[in-house]
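Participant: Below is the file coords-v8.cif, which contains mmCIF, C-alpha atoms.
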data_final
loop_
_atom_site.label_atom_id
_atom_site.label_comp_id
_atom_site.auth_asym_id
_atom_site.auth_seq_id
_atom_site.Cartn_x
_atom_site.Cartn_y
_atom_site.Cartn_z
CA MET A 4 -40.41 20.11 65.60
CA ASN A 5 -42.23 21.91 62.87
CA PRO A 6 -39.79 23.94 60.80
CA LEU A 7 -40.86 26.72 58.49
CA PRO A 8 -41.02 25.75 54.83
CA VAL A 9 -37.73 26.10 53.03
CA THR A 10 -37.55 29.32 51.05
CA ASP A 11 -35.56 30.39 48.07
CA THR A 12 -33.47 32.57 50.38
CA ASP A 13 -32.69 29.56 52.54
CA LEU A 14 -31.37 27.71 49.52
CA HIS A 15 -29.11 30.55 48.44
CA ALA A 16 -27.89 31.08 51.97
CA TYR A 17 -27.15 27.37 52.25
CA ALA A 18 -25.23 27.39 48.99
CA ASP A 19 -23.31 30.48 50.05
CA GLY A 20 -22.53 29.10 53.49
CA GLN A 21 -24.37 31.82 55.34
CA LEU A 22 -27.50 30.00 56.40
CA ASP A 23 -28.41 30.35 60.02
CA ALA A 24 -27.45 27.16 61.84
CA SER A 25 -31.01 26.70 63.08
CA ARG A 26 -32.23 26.30 59.49
CA VAL A 27 -29.60 23.92 58.18
CA ALA A 28 -31.40 20.74 59.20
CA ALA A 29 -34.62 21.81 57.54
CA VAL A 30 -32.87 22.71 54.31
CA GLU A 31 -30.89 19.51 54.22
CA ALA A 32 -34.05 17.50 54.74
CA ALA A 33 -35.69 19.35 51.87
CA LEU A 34 -32.70 18.73 49.62
CA THR A 35 -32.73 15.03 50.37
CA GLY A 36 -36.36 14.82 49.42
CA ASP A 37 -36.10 16.87 46.24
CA PRO A 38 -33.33 16.07 43.73
CA ALA A 39 -34.22 19.11 41.62
CA LEU A 40 -33.64 21.40 44.59
CA ALA A 41 -30.44 19.58 45.45
CA ASP A 42 -29.33 20.03 41.89
CA ARG A 43 -29.94 23.76 42.04
CA VAL A 44 -27.94 24.14 45.22
CA ALA A 45 -25.14 21.98 43.85
CA ASP A 46 -25.01 24.16 40.72
CA ALA A 47 -24.87 27.33 42.80
CA ARG A 48 -22.01 25.94 44.83
CA ARG A 49 -20.12 24.77 41.80
CA HIS A 50 -20.58 28.11 40.11
CA ASN A 51 -19.36 29.91 43.21
CA ALA A 52 -16.26 27.77 43.39
CA ALA A 53 -15.64 28.02 39.66
CA LEU A 54 -15.99 31.79 39.70
CA ARG A 55 -13.52 32.09 42.53
CA ASP A 56 -11.21 29.69 40.73
CA ALA A 57 -11.43 31.80 37.63
CA LEU A 58 -11.13 35.19 39.26
CA ASP A 59 -8.80 34.60 42.19
CA PRO A 60 -5.65 34.67 40.06
CA TRP A 61 -6.43 38.31 39.27
CA LEU A 62 -5.77 39.11 42.90
CA ALA A 63 -2.13 38.19 42.51
CA GLU A 64 -1.51 40.62 39.69
CA PRO A 65 0.90 43.48 40.32
CA ILE A 66 -0.88 46.68 41.20
CA PRO A 67 -0.36 49.46 38.67
CA ALA A 68 1.63 52.38 40.00
CA ARG A 69 -1.20 54.82 39.36
CA LEU A 70 -3.47 52.89 41.72
CA ILE A 71 -0.83 52.76 44.41
CA ALA A 72 -0.51 56.50 44.00
CA ALA A 73 -4.28 56.90 44.19
CA ALA A 74 -4.32 54.93 47.43
CA SER A 75 -1.60 57.07 48.94
CA GLY A 76 -3.62 60.23 49.27
CA PRO A 77 -5.88 62.73 47.58
CA THR A 78 -4.99 63.01 43.90
CA ASP A 79 -5.00 66.18 41.91
CA ALA A 80 -6.63 66.49 38.53
CA ALA A 81 -3.33 66.42 36.67
CA THR A 82 -2.36 62.93 37.76
CA ARG A 83 -5.83 61.62 37.15
CA GLN A 84 -5.91 62.72 33.57
CA ALA A 85 -2.58 61.12 32.78
CA ARG A 86 -4.24 57.76 32.42
CA HIS A 87 -6.10 58.79 29.29
CA TRP A 88 -2.87 58.65 27.38
CA LEU A 89 -3.46 55.24 25.91
CA MET A 90 -7.14 55.58 25.17
CA PRO A 91 -7.65 54.95 21.49
CA ALA A 92 -10.74 57.12 21.53
CA VAL A 93 -8.64 60.22 21.94
CA ALA A 94 -8.80 61.44 18.40
CA ALA A 95 -5.86 63.79 18.59
CA ALA A 96 -3.55 61.08 19.78
CA ALA A 97 -4.78 58.73 17.10
CA THR A 98 -4.08 61.31 14.43
CA LEU A 99 -0.66 61.92 15.84
CA LEU A 100 0.11 58.22 15.88
CA LEU A 101 -1.04 57.83 12.33
CA GLY A 102 1.24 60.68 11.32
CA LEU A 103 4.14 59.07 13.08
CA ALA A 104 3.37 55.72 11.54
CA VAL A 105 3.44 57.23 8.08
CA GLY A 106 6.72 58.89 8.92
CA TRP A 107 8.14 55.65 10.16
CA TYR A 108 7.04 53.88 7.06
CA ALA A 109 8.84 56.43 4.89
CA ARG A 110 12.01 55.92 6.91
CA ASP A 111 11.51 52.23 6.66
CA VAL A 112 11.84 52.52 2.91
CA ASP A 113 15.05 54.48 3.34
CA LEU A 114 16.28 51.88 5.73
CA GLU A 115 15.65 49.06 3.29
CA ARG A 116 17.47 50.97 0.61
CA GLY A 117 20.38 51.42 2.97
CA GLY A 118 20.65 47.66 3.29
CA THR A 119 20.41 47.66 7.07
CA PRO A 120 20.27 44.12 8.37
CA THR A 121 16.84 43.04 9.52
CA THR A 122 17.96 40.10 11.59
CA PHE A 123 17.78 42.12 14.77
CA THR A 124 13.98 42.23 14.60
CA ARG A 125 13.73 38.49 14.21
CA GLN A 126 16.16 37.91 16.98
CA ALA A 127 14.36 40.40 19.19
CA ALA A 128 11.02 38.71 18.55
CA LEU A 129 12.41 35.28 19.32
CA THR A 130 14.11 36.48 22.47
CA HIS A 131 10.96 38.24 23.56
CA ALA A 132 8.80 35.18 22.95
CA LEU A 133 11.25 33.00 24.83
CA TYR A 134 11.36 35.10 27.99
CA ALA A 135 7.96 36.78 27.99
CA GLY A 136 6.39 33.36 27.87
CA ASP A 137 8.23 32.31 30.98
CA ALA A 138 5.80 32.87 33.83
CA ASN A 139 8.24 32.39 36.66
CA ARG A 140 11.56 33.60 35.41
CA PRO A 141 11.13 36.11 32.60
CA VAL A 142 14.04 38.15 33.90
CA GLU A 143 17.27 37.60 35.71
CA VAL A 144 17.19 40.71 37.87
CA TRP A 145 13.82 41.93 39.06
CA ALA A 146 12.49 45.46 39.08
CA PRO A 147 13.06 46.12 42.79
CA GLU A 148 16.76 45.92 42.01
CA GLU A 149 16.51 48.19 39.02
CA LYS A 150 19.58 50.14 39.99
CA ARG A 151 21.73 47.05 40.17
CA LEU A 152 20.22 45.83 36.92
CA VAL A 153 21.00 49.04 35.07
CA THR A 154 24.53 49.21 36.44
CA TRP A 155 25.20 45.62 35.49
CA LEU A 156 23.80 45.93 31.97
CA SER A 157 25.57 49.22 31.35
CA LYS A 158 28.82 47.59 32.32
CA ARG A 159 28.28 44.58 30.11
CA LEU A 160 27.15 46.62 27.12
CA GLY A 161 29.90 49.16 27.50
CA PHE A 162 27.64 52.20 27.57
CA PRO A 163 25.00 53.52 29.94
CA VAL A 164 21.54 52.03 29.45
CA ASN A 165 18.35 52.90 31.26
CA ALA A 166 15.00 51.25 31.74
CA PRO A 167 12.43 53.74 30.48
CA ASP A 168 9.50 54.45 32.77
CA LEU A 169 6.40 53.22 30.94
CA THR A 170 3.86 53.66 33.72
CA SER A 171 2.03 56.27 31.67
CA THR A 172 1.20 53.52 29.21
CA GLY A 173 0.17 51.08 31.91
CA PHE A 174 3.34 49.01 31.74
CA ALA A 175 5.48 48.42 34.78
CA LEU A 176 9.05 47.18 34.74
CA VAL A 177 9.33 43.50 35.58
CA GLY A 178 13.11 43.43 35.38
CA GLY A 179 15.76 42.61 32.86
CA ARG A 180 18.52 40.34 31.70
CA LEU A 181 21.50 40.12 29.44
CA VAL A 182 20.96 38.19 26.21
CA ALA A 183 23.35 37.13 23.53
CA GLY A 184 23.36 39.41 20.52
CA HIS A 185 24.59 38.92 16.99
CA GLN A 186 27.96 40.49 17.73
CA ASN A 187 27.40 42.51 20.84
CA PRO A 188 25.57 41.56 24.00
CA THR A 189 22.02 42.83 24.26
CA ALA A 190 20.22 44.25 27.27
CA MET A 191 16.60 43.32 27.67
CA PHE A 192 14.07 45.08 29.87
CA MET A 193 10.74 43.35 30.39
CA TYR A 194 7.50 45.18 31.18
CA GLU A 195 4.08 43.99 32.05
CA ASN A 196 0.70 45.68 32.18
CA ALA A 197 -2.37 45.00 34.28
CA ASP A 198 -3.65 42.64 31.64
CA LYS A 199 -0.50 40.51 31.97
CA GLN A 200 0.64 41.56 28.54
CA ARG A 201 4.36 41.73 28.34
CA LEU A 202 6.65 43.72 26.18
CA SER A 203 10.37 43.94 26.12
CA LEU A 204 12.84 46.58 25.12
CA GLN A 205 16.13 45.28 23.79
CA VAL A 206 19.12 47.50 23.40
CA ARG A 207 22.52 46.80 21.93
CA LYS A 208 25.40 48.58 20.37
CA GLN A 209 25.54 48.49 16.60
CA PRO A 210 28.39 46.30 15.39
CA VAL A 211 29.23 48.80 12.69
CA GLU A 212 28.73 52.50 12.72
CA GLY A 213 25.54 53.38 10.94
CA GLY A 214 25.07 56.90 12.07
CA GLU A 215 21.54 57.06 10.73
CA VAL A 216 18.28 57.15 12.60
CA ALA A 217 15.90 54.54 11.36
CA PHE A 218 12.53 53.21 12.33
CA ARG A 219 10.98 49.96 11.46
CA TYR A 220 7.93 47.96 12.38
CA ALA A 221 7.82 44.25 11.73
CA VAL A 222 5.83 41.26 12.78
CA GLU A 223 7.97 38.24 13.39
CA ASN A 224 6.33 34.99 14.40
CA GLY A 225 3.28 36.85 15.62
CA VAL A 226 5.31 39.21 17.77
CA GLY A 227 5.19 42.87 16.85
CA VAL A 228 8.60 44.52 16.85
CA PHE A 229 9.19 48.20 16.71
CA TYR A 230 12.81 48.81 15.89
CA TRP A 231 15.12 51.75 15.43
CA ILE A 232 18.76 52.75 15.48
CA GLU A 233 20.10 55.84 16.99
CA ASP A 234 23.57 56.93 17.98
CA ASN A 235 24.97 53.57 17.05
CA CYS A 236 22.54 51.70 19.24
CA SER A 237 19.73 49.50 18.06
CA TYR A 238 16.51 49.33 19.99
CA ALA A 239 13.74 46.80 19.61
CA LEU A 240 10.45 46.99 21.38
CA SER A 241 8.60 43.69 21.10
CA GLY A 242 5.26 42.51 22.28
CA ASN A 243 2.04 40.78 21.38
CA LEU A 244 0.29 44.10 21.16
CA ASP A 245 -1.41 45.54 18.16
CA ARG A 246 0.57 47.96 16.12
CA GLY A 247 -1.12 51.06 17.48
CA GLN A 248 -0.44 50.09 21.07
CA LEU A 249 3.13 49.18 20.39
CA LEU A 250 3.75 52.41 18.54
CA ALA A 251 2.24 54.36 21.41
CA VAL A 252 4.66 52.72 23.82
CA GLY A 253 7.48 53.11 21.34
CA ARG A 254 6.84 56.79 21.23
CA VAL A 255 7.18 57.04 24.98
CA VAL A 256 10.38 55.01 24.97
CA TYR A 257 11.85 57.05 22.17
CA GLY A 258 10.89 60.30 23.85
CA GLN A 259 12.51 59.27 27.10
CA LEU A 260 15.69 58.02 25.50
CA ALA A 261 15.96 61.18 23.47
CA ALA A 262 15.57 63.19 26.64
CA LEU A 263 18.16 61.15 28.49
CA GLU A 264 20.78 61.05 25.77
CA THR A 265 22.54 58.22 27.45
CA ALA A 266 23.57 56.44 24.31
CA PRO A 267 27.16 56.91 23.26
CA ARG A 268 27.73 59.69 20.80
CA LYS A 269 30.08 59.10 17.90
CA MET B 23 -8.42 71.64 52.22
CA SER B 24 -7.45 68.77 54.42
CA GLY B 25 -6.42 70.00 57.80
CA PRO B 26 -4.61 67.91 60.33
CA ALA B 27 -7.98 67.22 61.93
CA ASP B 28 -8.78 65.04 58.94
CA ALA B 29 -8.20 61.46 59.89
CA PRO B 30 -6.41 59.94 56.90
CA LEU B 31 -7.56 56.62 55.56
CA PRO B 32 -5.39 53.70 56.66
CA GLN B 33 -3.05 53.22 53.74
CA PRO B 34 -2.08 49.60 54.32
CA GLU B 35 -5.75 48.65 54.32
CA LEU B 36 -6.43 50.76 51.25
CA LEU B 37 -3.58 49.09 49.39
CA ALA B 38 -4.71 45.68 50.54
CA ALA B 39 -8.18 46.35 49.17
CA ILE B 40 -6.98 47.23 45.68
CA PRO B 41 -6.73 43.72 44.22
CA ARG B 42 -10.33 42.97 45.18
CA LEU B 43 -11.52 46.34 43.95
CA ARG B 44 -9.78 45.73 40.64
CA ARG B 45 -11.33 42.33 40.31
CA TYR B 46 -14.79 43.61 41.07
CA ALA B 47 -14.32 46.53 38.70
CA ARG B 48 -13.12 44.24 35.96
CA VAL B 49 -16.21 42.11 36.11
CA LEU B 50 -18.38 45.22 36.30
CA THR B 51 -16.83 46.98 33.33
CA GLY B 52 -15.64 44.00 31.35
CA ASP B 53 -12.52 45.90 30.45
CA VAL B 54 -9.15 45.94 32.16
CA ASN B 55 -8.33 49.57 31.55
CA ARG B 56 -11.77 50.87 32.36
CA ALA B 57 -11.71 48.76 35.48
CA ASP B 58 -8.49 50.38 36.67
CA ASP B 59 -9.93 53.78 35.85
CA LEU B 60 -12.89 52.90 38.00
CA VAL B 61 -10.64 51.79 40.84
CA GLN B 62 -8.64 54.96 40.54
CA ASP B 63 -11.79 57.07 40.62
CA THR B 64 -13.02 55.06 43.58
CA LEU B 65 -9.82 55.65 45.53
CA ALA B 66 -9.88 59.35 44.69
CA ARG B 67 -13.48 59.53 45.83
CA ALA B 68 -12.65 57.67 49.01
CA TRP B 69 -10.05 60.30 49.85
CA GLU B 70 -12.49 63.08 49.08
CA LYS B 71 -15.12 61.46 51.28
CA ARG B 72 -12.77 60.24 53.98
CA ARG B 73 -14.69 62.07 56.68
CA LEU B 74 -17.60 59.75 56.00
CA TRP B 75 -15.61 56.67 56.86
CA THR B 76 -15.81 55.59 60.46
CA ALA B 77 -12.39 54.56 61.67
CA GLY B 78 -12.40 50.91 62.57
CA SER B 79 -15.35 49.98 60.36
CA ASP B 80 -14.99 47.69 57.37
CA LEU B 81 -13.01 49.74 54.87
CA ARG B 82 -13.44 47.22 52.08
CA ALA B 83 -17.23 47.26 52.25
CA TRP B 84 -17.14 51.04 52.27
CA LEU B 85 -14.92 51.04 49.19
CA PHE B 86 -17.27 48.66 47.40
CA THR B 87 -20.08 51.06 48.17
CA ILE B 88 -18.14 53.96 46.72
CA MET B 89 -17.21 51.97 43.66
CA HIS B 90 -20.81 51.00 43.12
CA ASN B 91 -21.87 54.64 43.27
CA VAL B 92 -19.09 55.85 41.01
CA PHE B 93 -19.91 53.10 38.53
CA VAL B 94 -23.62 53.84 38.53
CA ASN B 95 -22.94 57.54 37.99
CA GLN B 96 -20.52 56.88 35.18
CA ARG B 97 -22.98 54.59 33.47
CA ALA B 98 -25.65 57.23 33.68
CA LEU B 99 -23.26 59.67 32.03
CA ALA B 100 -22.21 57.13 29.42
CA ARG B 101 -25.82 56.48 28.50
CA ARG B 102 -26.32 60.15 27.86
CA ASP B 103 -23.24 60.32 25.75
CA GLN B 104 -24.00 58.31 22.64
CA SER B 105 -20.39 58.22 21.56
CA GLN B 106 -19.57 56.03 24.51
CA VAL B 107 -19.83 52.31 24.22
CA SER B 108 -22.35 50.82 26.56
CA LEU B 109 -20.76 49.14 29.51
CA ASP B 110 -23.29 46.37 29.12
CA ASP B 111 -22.56 45.30 25.63
CA GLY B 112 -20.72 42.17 26.55
CA GLU B 113 -17.60 43.40 24.83
CA GLY B 114 -14.22 44.07 26.37
CA GLY B 115 -13.08 40.57 25.57
CA GLU B 116 -9.63 41.14 26.97
CA ALA B 117 -10.93 41.39 30.50
CA TRP B 118 -12.32 37.91 30.22
CA GLN B 119 -9.10 36.34 29.18
CA ILE B 120 -8.72 34.87 32.56
CA PRO B 121 -5.77 33.04 33.96
CA VAL B 122 -7.31 29.79 34.97
CA ARG B 123 -6.05 27.09 37.25
CA ASP B 124 -6.84 23.48 36.67
CA GLY B 125 -9.78 22.50 38.74
CA GLN B 126 -13.20 21.06 38.49
CA TYR B 127 -13.93 22.93 35.31
CA THR B 128 -11.92 23.03 32.15
CA ARG B 129 -10.35 26.24 31.01
CA VAL B 130 -13.00 26.71 28.36
CA GLU B 131 -15.84 26.07 30.75
CA LEU B 132 -14.47 28.54 33.27
CA ALA B 133 -13.98 31.18 30.62
CA GLU B 134 -17.50 30.53 29.47
CA LEU B 135 -18.88 30.84 32.95
CA VAL B 136 -17.17 34.18 33.40
CA GLN B 137 -18.48 35.25 30.00
CA HIS B 138 -21.98 34.39 31.10
CA VAL B 139 -21.55 36.36 34.28
CA GLY B 140 -20.36 39.24 32.14
CA ARG B 141 -23.60 39.14 30.22
CA LEU B 142 -25.80 39.33 33.27
CA PRO B 143 -27.44 42.70 33.81
CA VAL B 144 -25.16 44.79 35.97
CA ASP B 145 -27.39 44.79 39.03
CA GLN B 146 -27.52 41.00 39.06
CA ARG B 147 -23.84 40.74 38.29
CA GLU B 148 -23.00 42.91 41.27
CA VAL B 149 -25.04 40.87 43.71
CA LEU B 150 -23.70 37.58 42.40
CA LEU B 151 -20.11 38.75 42.63
CA LEU B 152 -20.45 40.14 46.10
CA ALA B 153 -22.12 36.97 47.32
CA ALA B 154 -20.23 34.29 45.42
CA VAL B 155 -16.78 35.76 44.98
CA GLU B 156 -16.40 38.37 47.70
CA GLU B 157 -18.46 36.25 50.09
CA LEU B 158 -20.25 39.16 51.69
CA LYS B 159 -23.29 38.51 53.83
CA TYR B 160 -26.58 39.35 52.16
CA GLU B 161 -27.14 42.12 54.68
CA GLU B 162 -23.75 43.62 53.80
CA ILE B 163 -24.61 43.44 50.12
CA ALA B 164 -27.89 45.25 50.78
CA LEU B 165 -25.97 47.99 52.59
CA THR B 166 -23.26 48.18 49.95
CA LEU B 167 -25.69 48.55 47.07
CA ALA B 168 -28.25 50.48 49.12
CA ILE B 169 -31.07 48.12 48.20
CA PRO B 170 -33.51 46.13 50.34
CA LEU B 171 -32.56 42.63 51.37
CA GLY B 172 -35.46 41.26 49.32
CA THR B 173 -33.98 42.84 46.21
CA VAL B 174 -30.62 41.27 46.92
CA MET B 175 -32.27 37.88 47.06
CA SER B 176 -34.36 38.30 43.94
CA ARG B 177 -31.37 39.51 41.94
CA LEU B 178 -29.25 36.65 43.19
CA SER B 179 -32.02 34.26 42.30
CA ARG B 180 -32.34 35.59 38.78
CA ALA B 181 -28.59 35.65 38.26
CA ARG B 182 -28.27 32.03 39.28
CA ALA B 183 -31.22 30.91 37.21
CA LYS B 184 -29.64 32.53 34.14
CA LEU B 185 -26.27 30.94 34.79
CA ARG B 186 -27.84 27.53 35.14
CA LEU B 187 -29.76 27.98 31.94
CA ALA B 188 -26.79 29.32 30.04
CA PHE B 189 -24.55 26.57 31.23
CA ALA B 190 -27.07 23.87 30.53
CA ASP B 191 -27.52 25.06 26.95
CA ALA B 192 -24.08 26.17 25.95
CA PRO B 193 -21.95 23.62 24.13
CA ALA B 194 -18.45 23.33 25.49
CA THR B 195 -16.91 25.27 22.66
CA MET B 196 -16.16 28.90 22.19
CA PRO B 197 -18.44 31.26 24.04
CA LEU B 198 -21.54 32.13 22.07
CA LYS B 199 -21.68 35.64 20.77
CA VAL B 200 -25.39 35.89 21.55
CA VAL B 201 -26.68 38.77 23.56
CA LYS B 202 -30.18 38.26 24.77
#
For this file, write the structure as C-alpha cells.
Facilitator:
Amino acid sequence: MNPLPVTDTDLHAYADGQLDASRVAAVEAALTGDPALADRVADARRHNAALRDALDPWLAEPIPARLIAAASGPTDAATRQARHWLMPAVAAAATLLLGLAVGWYARDVDLERGGTPTTFTRQAALTHALYAGDANRPVEVWAPEEKRLVTWLSKRLGFPVNAPDLTSTGFALVGGRLVAGHQNPTAMFMYENADKQRLSLQVRKQPVEGGEVAFRYAVENGVGVFYWIEDNCSYALSGNLDRGQLLAVGRVVYGQLAALETAPRK
Amino acid sequence: MSGPADAPLPQPELLAAIPRLRRYARVLTGDVNRADDLVQDTLARAWEKRRLWTAGSDLRAWLFTIMHNVFVNQRALARRDQSQVSLDDGEGGEAWQIPVRDGQYTRVELAELVQHVGRLPVDQREVLLLAAVEELKYEEIALTLAIPLGTVMSRLSRARAKLRLAFADAPATMPLKVVK
C-alpha cells in the first residue's frame, strides 16, 4: 500500500468529518507521526465544536413576524419598507424623536410640579427586572393565548386592556401576567425582540383621579422606564434599551392606545 | 404576475430554513437587525426567483446561495455609498452577544472565538461557517458560493490559520479591539 501524501485538503476534510473513507488511514498515520499536524486538526475540530456551541442557541430564537410573512409568499414593497422604522439612520425619524423627547421633558417638569408620585417607575423597573430576567417563566400566560390573557387581565383590572402590537419595532409579544400594584393590580405584557432584549408594558388604574396626561422617562436600577398617565391609567414601558429605542417603542404603544381608546374615560 | 402554473415554494421548508439563514446572516453582517433584513430580502428574492428552484432539490442550499448573492450585491452598493458603515468593520457588537452554553470553552473564550470569526474577511468567514457550522460538503460550498473547490479549500485554510493565531495570542480577557 502506497497512499498519496496527505494534503491540506485531507486534513480539513478529516477535521470536518467529510474525508473519504479510503483516505482516513493515511491521514491518521500522518497525524500520529506529526504532533504539529495533529495539533492543527485538533484545533480545527475544537473550533468547529465551539462555534456550533456558541451559535446553535440562536436557532432556538423566536422568528420575527416579518420573516414569517416573508416566507409565506411574495412580498410587496410596502411591507418590506416597514422594517426601516427603527433604523436610527433615518434622519427624519431621529428629528421627530428628538422633538418628542423635548416635549416629554417639558411635561416632565409639569409633572414634577404637580407632585405626581414617582414610585410607579421604580416599581415598574423592579418588576420588569424580576420577570424579564427569568428565562423560563417570564410570563404567566403566553402569547399564543393572548385572547385569554387580555380577557383575564381586563377582568382583574376592571377595565379593558390590550397588548399593543409592536412587531413594527421588532418586538413580539411573549405573554403577560398580573402583578401586584401599589393600590391597584397591574397588568404586565412582556415583549422580546430578535436580539433577546425584553421590554415590558405595565398598565394599571390610577388610585386617584389625576386627569392629566403626563410623560416621564427615568432610569431605575439600570432599567429605562418610559412612563405616562392618561385617562386615569398609568403606563410604564421598561427595558434595558437605550433611551432612543425605548422612546421609539413608546411612541408606537402610545399611538396604538390612543387609537384604541380602551382606557376608561372619566 | 404569478399564475397558477408557478409552483410555490414549500412553505414548511422555507420556515424551517429561517433559523439557519438568520444565524448565517448574523455572522455575515455582524448585526442582528441587518441580518434579519438580509434574511427578509433573501426570502423575497427566493419568491421572485422561485421558478429557478427545482422542486425536490435542497432548498436550504439554494437559499444560502441567494443570500450570498444578495449580501454580495448589498455590500457592493454599500461600498459605493460612503454614508453606509462598512459591513466589515468588526462592529455590530450586539450580534456577538451570544447566548452560550457551558461546554469545553468558557463564555469569554467562546465570545472571543466568535469575535475572531467576525473579523475574518467575509469570503473566508462564509466558507468557515458553511463548513464548520452548517456542515456543508466542500462541493456544496463551492456551488453555493459559485467558486472553485480549490478556492473553498484555500479560504478555509486561511480562515483556520487566522483563528489559530488569534486564539493562541489573545489573552483570555475582553476581546481585543484590534482590526488588522
Participant: Quick one, how far is CA of Leu65 (chain B) from CA of Gly173 (chain A)?
Facilitator: 17.5 Å
Participant: Given the file shown, enumerate the residues that the PyMOL selection byres ((chain B and resi 88) around 9) captures and present them as an MDAnalysis selection string.
Facilitator: chainID B and resid 64:65 67:68 83:87 89:93 166
Participant: Counting all atoms listed in the file, which residues of chain A fall within 10 Å of chain B, and what is the closest atom pair for each with its distance in Å at one decimal, ordered by chain and rising number, as JSON lines?
Facilitator:
{"residue": "A:Asp11", "atom": "CA", "partner": "B:Ser179", "partner_atom": "CA", "distance": 7.8}
{"residue": "A:Thr12", "atom": "CA", "partner": "B:Met175", "partner_atom": "CA", "distance": 6.4}
{"residue": "A:Asp13", "atom": "CA", "partner": "B:Met175", "partner_atom": "CA", "distance": 10.0}
{"residue": "A:Leu14", "atom": "CA", "partner": "B:Ser179", "partner_atom": "CA", "distance": 9.8}
{"residue": "A:His15", "atom": "CA", "partner": "B:Ser179", "partner_atom": "CA", "distance": 7.7}
{"residue": "A:Ala16", "atom": "CA", "partner": "B:Tyr160", "partner_atom": "CA", "distance": 8.4}
{"residue": "A:Ala18", "atom": "CA", "partner": "B:Ala154", "partner_atom": "CA", "distance": 9.2}
{"residue": "A:Asp19", "atom": "CA", "partner": "B:Ala154", "partner_atom": "CA", "distance": 6.7}
{"residue": "A:Gly20", "atom": "CA", "partner": "B:Glu157", "partner_atom": "CA", "distance": 8.9}
{"residue": "A:Gln21", "atom": "CA", "partner": "B:Lys159", "partner_atom": "CA", "distance": 6.9}
{"residue": "A:Leu22", "atom": "CA", "partner": "B:Lys159", "partner_atom": "CA", "distance": 9.8}
{"residue": "A:Arg43", "atom": "CA", "partner": "B:Arg186", "partner_atom": "CA", "distance": 8.1}
{"residue": "A:Val44", "atom": "CA", "partner": "B:Arg182", "partner_atom": "CA", "distance": 9.9}
{"residue": "A:Asp46", "atom": "CA", "partner": "B:Arg186", "partner_atom": "CA", "distance": 7.1}
{"residue": "A:Ala47", "atom": "CA", "partner": "B:Arg182", "partner_atom": "CA", "distance": 6.8}
{"residue": "A:Arg48", "atom": "CA", "partner": "B:Ala154", "partner_atom": "CA", "distance": 8.6}
{"residue": "A:Arg49", "atom": "CA", "partner": "B:Gln126", "partner_atom": "CA", "distance": 8.5}
{"residue": "A:His50", "atom": "CA", "partner": "B:Leu135", "partner_atom": "CA", "distance": 7.8}
{"residue": "A:Asn51", "atom": "CA", "partner": "B:Ala154", "partner_atom": "CA", "distance": 5.0}
{"residue": "A:Ala52", "atom": "CA", "partner": "B:Ala154", "partner_atom": "CA", "distance": 7.9}
{"residue": "A:Ala53", "atom": "CA", "partner": "B:Leu132", "partner_atom": "CA", "distance": 6.5}
{"residue": "A:Leu54", "atom": "CA", "partner": "B:Val155", "partner_atom": "CA", "distance": 6.7}
{"residue": "A:Arg55", "atom": "CA", "partner": "B:Val155", "partner_atom": "CA", "distance": 5.5}
{"residue": "A:Asp56", "atom": "CA", "partner": "B:Arg123", "partner_atom": "CA", "distance": 6.7}
{"residue": "A:Ala57", "atom": "CA", "partner": "B:Val122", "partner_atom": "CA", "distance": 5.3}
{"residue": "A:Leu58", "atom": "CA", "partner": "B:Ile120", "partner_atom": "CA", "distance": 7.1}
{"residue": "A:Asp59", "atom": "CA", "partner": "B:Arg45", "partner_atom": "CA", "distance": 8.3}
{"residue": "A:Pro60", "atom": "CA", "partner": "B:Pro121", "partner_atom": "CA", "distance": 6.3}
{"residue": "A:Trp61", "atom": "CA", "partner": "B:Arg45", "partner_atom": "CA", "distance": 6.4}
{"residue": "A:Leu62", "atom": "CA", "partner": "B:Pro41", "partner_atom": "CA", "distance": 4.9}
{"residue": "A:Ala63", "atom": "CA", "partner": "B:Pro41", "partner_atom": "CA", "distance": 7.4}
{"residue": "A:Glu64", "atom": "CA", "partner": "B:Pro41", "partner_atom": "CA", "distance": 7.6}
{"residue": "A:Pro65", "atom": "CA", "partner": "B:Pro41", "partner_atom": "CA", "distance": 8.6}
{"residue": "A:Ile66", "atom": "CA", "partner": "B:Pro41", "partner_atom": "CA", "distance": 7.2}
{"residue": "A:Pro67", "atom": "CA", "partner": "B:Asp58", "partner_atom": "CA", "distance": 8.4}
{"residue": "A:Arg69", "atom": "CA", "partner": "B:Gln62", "partner_atom": "CA", "distance": 7.5}
{"residue": "A:Leu70", "atom": "CA", "partner": "B:Gln62", "partner_atom": "CA", "distance": 5.7}
{"residue": "A:Ile71", "atom": "CA", "partner": "B:Leu37", "partner_atom": "CA", "distance": 6.8}
{"residue": "A:Ala72", "atom": "CA", "partner": "B:Gln62", "partner_atom": "CA", "distance": 9.0}
{"residue": "A:Ala73", "atom": "CA", "partner": "B:Leu65", "partner_atom": "CA", "distance": 5.8}
{"residue": "A:Ala74", "atom": "CA", "partner": "B:Leu65", "partner_atom": "CA", "distance": 5.9}
{"residue": "A:Ser75", "atom": "CA", "partner": "B:Gln33", "partner_atom": "CA", "distance": 6.3}
{"residue": "A:Gly76", "atom": "CA", "partner": "B:Trp69", "partner_atom": "CA", "distance": 6.5}
{"residue": "A:Pro77", "atom": "CA", "partner": "B:Trp69", "partner_atom": "CA", "distance": 5.3}
{"residue": "A:Thr78", "atom": "CA", "partner": "B:Ala66", "partner_atom": "CA", "distance": 6.2}
{"residue": "A:Asp79", "atom": "CA", "partner": "B:Ala66", "partner_atom": "CA", "distance": 8.8}
{"residue": "A:Ala80", "atom": "CA", "partner": "B:Ala66", "partner_atom": "CA", "distance": 10.0}
{"residue": "A:Arg83", "atom": "CA", "partner": "B:Gln62", "partner_atom": "CA", "distance": 8.0}
{"residue": "A:Arg86", "atom": "CA", "partner": "B:Asp59", "partner_atom": "CA", "distance": 7.7}
{"residue": "A:His87", "atom": "CA", "partner": "B:Asp59", "partner_atom": "CA", "distance": 9.1}
{"residue": "A:Leu89", "atom": "CA", "partner": "B:Asn55", "partner_atom": "CA", "distance": 9.4}
{"residue": "A:Met90", "atom": "CA", "partner": "B:Asn55", "partner_atom": "CA", "distance": 8.8}
{"residue": "A:Ala92", "atom": "CA", "partner": "B:Gln106", "partner_atom": "CA", "distance": 9.4}
{"residue": "A:Gly173", "atom": "CA", "partner": "B:Asn55", "partner_atom": "CA", "distance": 8.6}
{"residue": "A:Asn196", "atom": "CA", "partner": "B:Asn55", "partner_atom": "CA", "distance": 9.9}
{"residue": "A:Ala197", "atom": "CA", "partner": "B:Val54", "partner_atom": "CA", "distance": 7.2}
{"residue": "A:Asp198", "atom": "CA", "partner": "B:Val54", "partner_atom": "CA", "distance": 6.4}
{"residue": "A:Lys199", "atom": "CA", "partner": "B:Pro121", "partner_atom": "CA", "distance": 9.4}
